>>> print(open('structure.cif').read())   # mmCIF, C-alpha atoms
data_data
#
loop_
_atom_site.label_atom_id
_atom_site.label_comp_id
_atom_site.auth_asym_id
_atom_site.auth_seq_id
_atom_site.Cartn_x
_atom_site.Cartn_y
_atom_site.Cartn_z
CA THR A 124 -105.88 0.02 159.83
CA ASP A 125 -106.77 -3.23 161.63
CA LEU A 126 -105.48 -1.79 164.90
CA ARG A 127 -107.54 1.34 164.36
CA GLN A 128 -110.73 -0.70 163.79
CA VAL A 129 -110.04 -2.66 166.99
CA ASP A 130 -109.70 0.61 168.94
CA VAL A 131 -112.99 1.92 167.52
CA LYS A 132 -114.80 -1.36 168.25
CA SER A 133 -113.42 -1.34 171.80
CA PHE A 134 -114.51 2.26 172.29
CA VAL A 135 -118.02 1.59 170.96
CA ALA A 136 -118.36 -1.56 173.10
CA ASN A 137 -117.41 0.31 176.29
CA PHE A 138 -119.17 3.59 175.60
CA PRO A 139 -122.35 4.00 177.70
CA GLN A 140 -125.45 3.71 175.55
CA ARG A 141 -129.17 3.97 176.15
CA GLU A 142 -131.06 0.74 176.10
CA ARG A 143 -133.20 0.42 173.02
CA SER A 144 -136.77 -0.66 173.40
CA GLU A 145 -138.36 -2.92 170.91
CA GLY A 146 -140.62 -1.12 168.53
CA LYS A 147 -140.10 2.20 166.81
CA VAL A 148 -136.67 3.37 165.77
CA GLY A 149 -135.38 6.04 168.16
CA GLU A 150 -137.48 4.95 171.17
CA THR A 151 -135.52 4.52 174.36
CA LYS A 152 -136.18 3.00 177.75
CA GLY A 153 -135.75 5.06 180.90
CA ALA A 154 -135.41 8.82 181.17
CA LEU A 155 -135.85 10.94 178.09
CA ALA A 156 -134.38 14.38 177.57
CA GLU A 157 -137.71 16.04 178.41
CA ASP A 158 -137.79 14.20 181.78
CA VAL A 159 -134.75 16.19 182.89
CA PHE A 160 -136.82 19.38 182.96
CA LYS A 161 -139.77 18.00 184.92
CA GLU A 162 -140.20 19.17 188.52
CA PRO A 163 -139.38 16.47 191.07
CA PRO A 164 -142.33 15.12 193.03
CA VAL A 165 -143.16 16.79 196.35
CA PRO A 166 -141.76 14.71 199.23
CA VAL A 167 -144.60 12.88 201.00
CA SER A 168 -143.20 13.94 204.38
CA LEU A 169 -144.02 17.58 203.60
CA THR A 170 -147.61 17.07 202.54
CA THR A 171 -148.22 14.74 205.48
CA LEU A 172 -146.73 17.19 207.99
CA ALA A 173 -148.69 20.11 206.51
CA GLN A 174 -151.98 18.21 206.76
CA LEU A 175 -151.31 17.06 210.33
CA ALA A 176 -150.27 20.57 211.43
CA ALA A 177 -153.38 22.16 209.89
CA VAL A 178 -155.69 19.67 211.61
CA ALA A 179 -153.85 20.15 214.93
CA THR A 180 -154.15 23.92 214.70
CA GLN A 181 -157.85 23.81 213.88
CA SER A 182 -158.55 21.38 216.72
CA GLY A 183 -156.13 22.94 219.22
CA ASP A 184 -154.21 19.69 219.74
CA ALA A 185 -151.17 20.68 221.84
CA ASN A 186 -149.71 17.16 221.57
CA TRP A 187 -150.10 16.60 217.85
CA ALA A 188 -146.38 16.27 217.06
CA SER A 189 -145.74 13.64 219.74
CA CYS A 190 -147.20 10.81 217.66
CA ASP A 191 -145.10 8.28 215.74
CA GLU A 192 -146.57 9.46 212.45
CA VAL A 193 -144.90 12.87 212.87
CA ARG A 194 -141.74 11.42 214.46
CA LEU A 195 -141.09 9.27 211.38
CA LEU A 196 -141.16 12.31 209.08
CA LEU A 197 -138.09 13.87 210.70
CA THR A 198 -134.42 12.89 210.68
CA GLU A 199 -132.83 12.14 214.06
CA ASP A 200 -130.65 15.29 213.79
CA VAL A 201 -133.34 17.64 212.42
CA VAL A 202 -132.86 21.38 213.00
CA TYR A 203 -135.85 23.67 213.56
CA THR A 204 -135.50 27.46 213.45
CA THR A 205 -138.45 29.09 215.20
CA MET A 206 -140.17 32.36 214.35
CA GLU A 207 -138.16 33.97 217.14
CA GLY A 208 -134.92 32.83 215.47
CA HIS A 209 -134.06 30.13 218.03
CA ARG A 210 -132.49 26.93 216.73
CA VAL A 211 -133.76 23.66 218.17
CA CYS A 212 -131.71 20.55 217.39
CA GLY A 213 -132.69 16.89 217.57
CA ARG A 214 -135.95 15.10 216.82
CA GLU A 215 -137.41 14.96 220.34
CA ALA A 216 -136.65 18.62 221.09
CA VAL A 217 -138.12 19.65 217.72
CA LEU A 218 -141.31 17.65 218.33
CA GLU A 219 -141.78 19.35 221.70
CA LYS A 220 -141.22 22.79 220.15
CA MET A 221 -143.69 22.00 217.34
CA ASN A 222 -146.30 21.12 219.99
CA GLN A 223 -145.60 24.42 221.76
CA SER A 224 -145.93 26.37 218.50
CA VAL A 225 -149.39 24.96 217.79
CA ALA A 226 -150.44 25.60 221.40
CA LYS A 227 -149.20 29.20 221.20
CA LEU A 228 -150.96 29.90 217.90
CA ALA A 229 -154.16 28.22 219.02
CA LYS A 230 -154.12 30.29 222.22
CA ARG A 231 -153.78 33.48 220.16
CA MET A 232 -156.75 32.35 218.10
CA GLY A 233 -158.93 32.07 221.21
CA LYS A 234 -158.52 28.42 222.09
CA SER A 235 -157.74 27.53 225.70
CA PHE A 236 -155.15 25.05 226.89
CA GLY A 237 -153.87 23.72 230.16
CA GLY A 238 -157.20 22.90 231.76
CA GLY A 239 -156.05 19.40 232.49
CA THR A 240 -158.11 16.26 232.82
CA ASP A 241 -159.26 14.13 235.72
CA ASP A 242 -155.92 12.33 235.71
CA GLY A 243 -154.05 15.62 236.25
CA ASP A 244 -152.60 15.90 232.75
CA LYS A 245 -152.10 19.66 232.34
CA THR A 246 -151.05 19.40 228.67
CA SER A 247 -154.49 18.32 227.49
CA SER A 248 -156.67 21.00 225.97
CA LYS A 249 -160.05 22.10 227.26
CA PRO A 250 -163.00 21.89 224.91
CA LEU A 251 -162.70 24.60 222.31
CA PRO A 252 -164.85 27.70 222.59
CA LYS A 253 -167.48 28.01 219.88
CA LYS A 254 -165.67 30.88 218.11
CA ALA A 255 -162.44 28.87 217.89
CA SER A 256 -164.05 26.32 215.61
CA LYS A 257 -164.40 29.10 213.05
CA VAL A 258 -160.64 29.42 212.56
CA LYS A 259 -159.93 29.13 208.86
CA VAL A 260 -156.63 27.59 207.85
CA LYS A 261 -155.46 27.90 204.27
CA SER A 262 -152.19 26.57 202.97
CA THR A 263 -150.37 26.69 199.66
CA GLY A 264 -147.50 24.48 198.69
CA PRO A 265 -145.23 22.73 199.12
CA THR A 266 -143.52 24.66 196.36
CA ARG A 267 -140.00 23.87 195.23
CA SER A 268 -137.48 26.70 195.42
CA PHE A 269 -133.77 27.26 196.06
CA ASP A 270 -132.00 28.98 198.95
CA LYS A 271 -129.21 31.56 198.61
CA LYS A 272 -126.64 28.78 198.23
CA GLY A 273 -128.58 27.11 195.43
CA LYS A 274 -129.77 24.19 197.60
CA GLU A 275 -133.26 22.83 197.04
CA VAL A 276 -135.89 23.90 199.58
CA TRP A 277 -139.63 23.43 199.81
CA ILE A 278 -141.94 26.21 200.97
CA VAL A 279 -145.40 25.98 202.54
CA LEU A 280 -147.42 29.13 203.27
CA TYR A 281 -150.20 29.15 205.87
CA ALA A 282 -152.87 31.75 206.52
CA PHE A 283 -154.83 31.49 209.78
CA ASP A 284 -157.96 33.64 209.96
CA LEU A 285 -160.30 34.23 212.89
CA LEU A 286 -162.60 37.22 212.53
CA LEU A 287 -160.22 40.22 212.61
CA MET A 288 -157.09 38.27 213.57
CA LYS A 289 -154.99 37.04 210.69
CA VAL A 290 -151.65 35.26 210.96
CA LYS A 291 -149.49 34.28 207.99
CA VAL A 292 -146.65 31.79 208.37
CA LYS A 293 -143.96 30.63 205.94
CA GLU A 294 -142.29 27.27 206.51
CA THR A 295 -139.14 26.38 204.61
CA PHE A 296 -138.03 22.74 204.53
CA LYS A 297 -134.94 20.85 203.47
CA VAL A 298 -135.25 17.10 203.06
CA ASP A 299 -132.66 14.35 202.89
CA LYS A 300 -132.30 11.88 200.03
CA PHE A 301 -134.90 9.62 201.68
CA GLY A 302 -137.52 12.39 201.84
CA LYS A 303 -137.25 12.96 205.61
CA ILE A 304 -137.23 16.51 206.91
CA LYS A 305 -133.75 17.57 208.02
CA GLU A 306 -134.33 21.32 208.39
CA LEU A 307 -137.44 23.38 209.12
CA THR A 308 -137.56 27.16 209.37
CA ARG A 309 -140.72 28.96 210.43
CA ALA A 310 -141.16 32.71 209.87
CA ARG A 311 -143.86 35.31 209.43
CA ALA A 312 -144.93 35.56 205.82
#
>>> encode(input="structure.cif", output="structure tokens")
Amino acid sequence: TDLRQVDVKSFVANFPQRERSEGKVGETKGALAEDVFKEPPVPVSLTTLAQLAAVATQSGDANWASCDEVRLLLTEDVVYTTMEGHRVCGREAVLEKMNQSVAKLAKRMGKSFGGGTDDGDKTSSKPLPKKASKVKVKSTGPTRSFDKKGKEVWIVLYAFDLLLMKVKVKETFKVDKFGKIKELTRARA
């Protein structure tokens, strides 16, 4: 029986246990069982990108994605699937395509681009027409979901409204373990 007690003591000593906090019996430090069922926090990269995109669309900024703030939200090997189904790979190519998407949408909403400036920069936007400032942008999300393979995705829905023209867009994101965007898919909602 001495050998059996040694085996049990060894097992108990090496068995993983929760740390006990000082205080009430049964309290534990760290995650509790109920914490397992809580939704994970929304990655900051998604909320930041959504806010920057909404402001860019309302203002007609065709160069919004070229800034370091947006660049830092994406992984180097990010993949962007456009509304047309084209895949764009790599951070710099994705940033350029994101700029083009905002320019295209803003143009549809009555904003004009390509007027240039005194220094010949043809990518700068002209002042916005009065009606363009009435574009309403609503967004919902990011909302956590799962793709067909059971992988976590985050979804943001946008609704752009200008008088009789309405455009709805669904963006689906996958993020890496550091919260950077590694995949972005844009489609009509």
>>> resolve_selection(input="structure.cif", expression="the PyMOL selection byres ((chain A and resi 298) around 10)", output="list in words")
Pro166, Ser168, Leu169, Leu196, Leu197, Thr198, Val201, Glu275, Val276, Trp277, Phe296, Lys297, Asp299, Lys300, Phe301, Gly302, Lys303, Ile304, Lys305, Glu306 and Leu307 of chain A
>>> write_last_selection(input="structure.cif", atoms="C-alpha atoms", output="PDB file, in the coordinates of the input")
ATOM      1  CA  PRO A 166    -141.760  14.710 199.230  1.00  0.00           C
ATOM      2  CA  SER A 168    -143.200  13.940 204.380  1.00  0.00           C
ATOM      3  CA  LEU A 169    -144.020  17.580 203.600  1.00  0.00           C
ATOM      4  CA  LEU A 196    -141.160  12.310 209.080  1.00  0.00           C
ATOM      5  CA  LEU A 197    -138.090  13.870 210.700  1.00  0.00           C
ATOM      6  CA  THR A 198    -134.420  12.890 210.680  1.00  0.00           C
ATOM      7  CA  VAL A 201    -133.340  17.640 212.420  1.00  0.00           C
ATOM      8  CA  GLU A 275    -133.260  22.830 197.040  1.00  0.00           C
ATOM      9  CA  VAL A 276    -135.890  23.900 199.580  1.00  0.00           C
ATOM     10  CA  TRP A 277    -139.630  23.430 199.810  1.00  0.00           C
ATOM     11  CA  PHE A 296    -138.030  22.740 204.530  1.00  0.00           C
ATOM     12  CA  LYS A 297    -134.940  20.850 203.470  1.00  0.00           C
ATOM     13  CA  ASP A 299    -132.660  14.350 202.890  1.00  0.00           C
ATOM     14  CA  LYS A 300    -132.300  11.880 200.030  1.00  0.00           C
ATOM     15  CA  PHE A 301    -134.900   9.620 201.680  1.00  0.00           C
ATOM     16  CA  GLY A 302    -137.520  12.390 201.840  1.00  0.00           C
ATOM     17  CA  LYS A 303    -137.250  12.960 205.610  1.00  0.00           C
ATOM     18  CA  ILE A 304    -137.230  16.510 206.910  1.00  0.00           C
ATOM     19  CA  LYS A 305    -133.750  17.570 208.020  1.00  0.00           C
ATOM     20  CA  GLU A 306    -134.330  21.320 208.390  1.00  0.00           C
ATOM     21  CA  LEU A 307    -137.440  23.380 209.120  1.00  0.00           C
TER      22      LEU A 307
END
>>> closest_residue(input="structure.cif", among="A:Lys230, A:Arg214, A:His209, A:Arg311", to="Ser182 (chain A)", atoms="only C-alpha atoms")
A:Lys230
>>> axis_aligned_box(input="structure.cif", around="region 272-287 of chain A", padding_each_side="3 Å", output="JSON")
{"center_x": -144.6, "center_y": 31.5, "center_z": 204.2, "size_x": 42.0, "size_y": 23.4, "size_z": 23.5}
>>> resolve_selection(input="structure.cif", expression="the PyMOL selection byres ((chain A and resi 291) around 7)", output="CSV table (one decimal) with C-alpha atoms, in the frame of the given file")
chain,number,residue,atom,x,y,z
A,281,TYR,CA,-150.2,29.2,205.9
A,282,ALA,CA,-152.9,31.8,206.5
A,283,PHE,CA,-154.8,31.5,209.8
A,289,LYS,CA,-155.0,37.0,210.7
A,290,VAL,CA,-151.6,35.3,211.0
A,292,VAL,CA,-146.6,31.8,208.4
A,293,LYS,CA,-144.0,30.6,205.9
A,311,ARG,CA,-143.9,35.3,209.4
A,312,ALA,CA,-144.9,35.6,205.8
>>> closest_residue(input="structure.cif", among="A:Val167, A:Ala216, A:Ala173, A:Met221", to="Ala188 (chain A)", atoms="all atoms listed in the file")
A:Met221
>>> closest_residue(input="structure.cif", among="A:Arg231, A:Lys259, A:Lys220, A:Arg309", to="Thr205 (chain A)", atoms="only C-alpha atoms")
A:Arg309
>>> closest_residue(input="structure.cif", among="A:Asp191, A:Glu207, A:Asp184, A:Glu162", to="Ala226 (chain A)", atoms="all atoms listed in the file")
A:Asp184
>>> atom_distance(input="structure.cif", atom1="CA of Ile278 (chain A)", atom2="CA of Thr295 (chain A)")
4.6 Å
>>> closest_residue(input="structure.cif", among="A:Gln174, A:Thr204, A:Ser224, A:Ser262", to="Asp284 (chain A)", atoms="all atoms listed in the file")
A:Ser262
>>> atom_distance(input="structure.cif", atom1="CA of Ala176 (chain A)", atom2="CA of Arg194 (chain A)")
12.9 Å
>>> residues_around(input="structure.cif", residues="Ser189 (chain A)", least_positions_apart="5", cutoff="8 Å", atoms="all atoms listed in the file", output="MDAnalysis selection string")
chainID A and resid 194 218:219 222
>>> write_last_selection(input="structure.cif", atoms="C-alpha atoms", output="PDB file, keeping the file's coordinate frame")
ATOM      1  CA  ARG A 194    -141.740  11.420 214.460  1.00  0.00           C
ATOM      2  CA  LEU A 218    -141.310  17.650 218.330  1.00  0.00           C
ATOM      3  CA  GLU A 219    -141.780  19.350 221.700  1.00  0.00           C
ATOM      4  CA  ASN A 222    -146.300  21.120 219.990  1.00  0.00           C
TER       5      ASN A 222
END
>>> closest_residue(input="structure.cif", among="A:Leu287, A:Ala310, A:Leu172, A:Val202", to="Pro265 (chain A)", atoms="only C-alpha atoms")
A:Leu172
>>> atom_distance(input="structure.cif", atom1="CA of Thr171 (chain A)", atom2="CA of Thr263 (chain A)")
13.5 Å
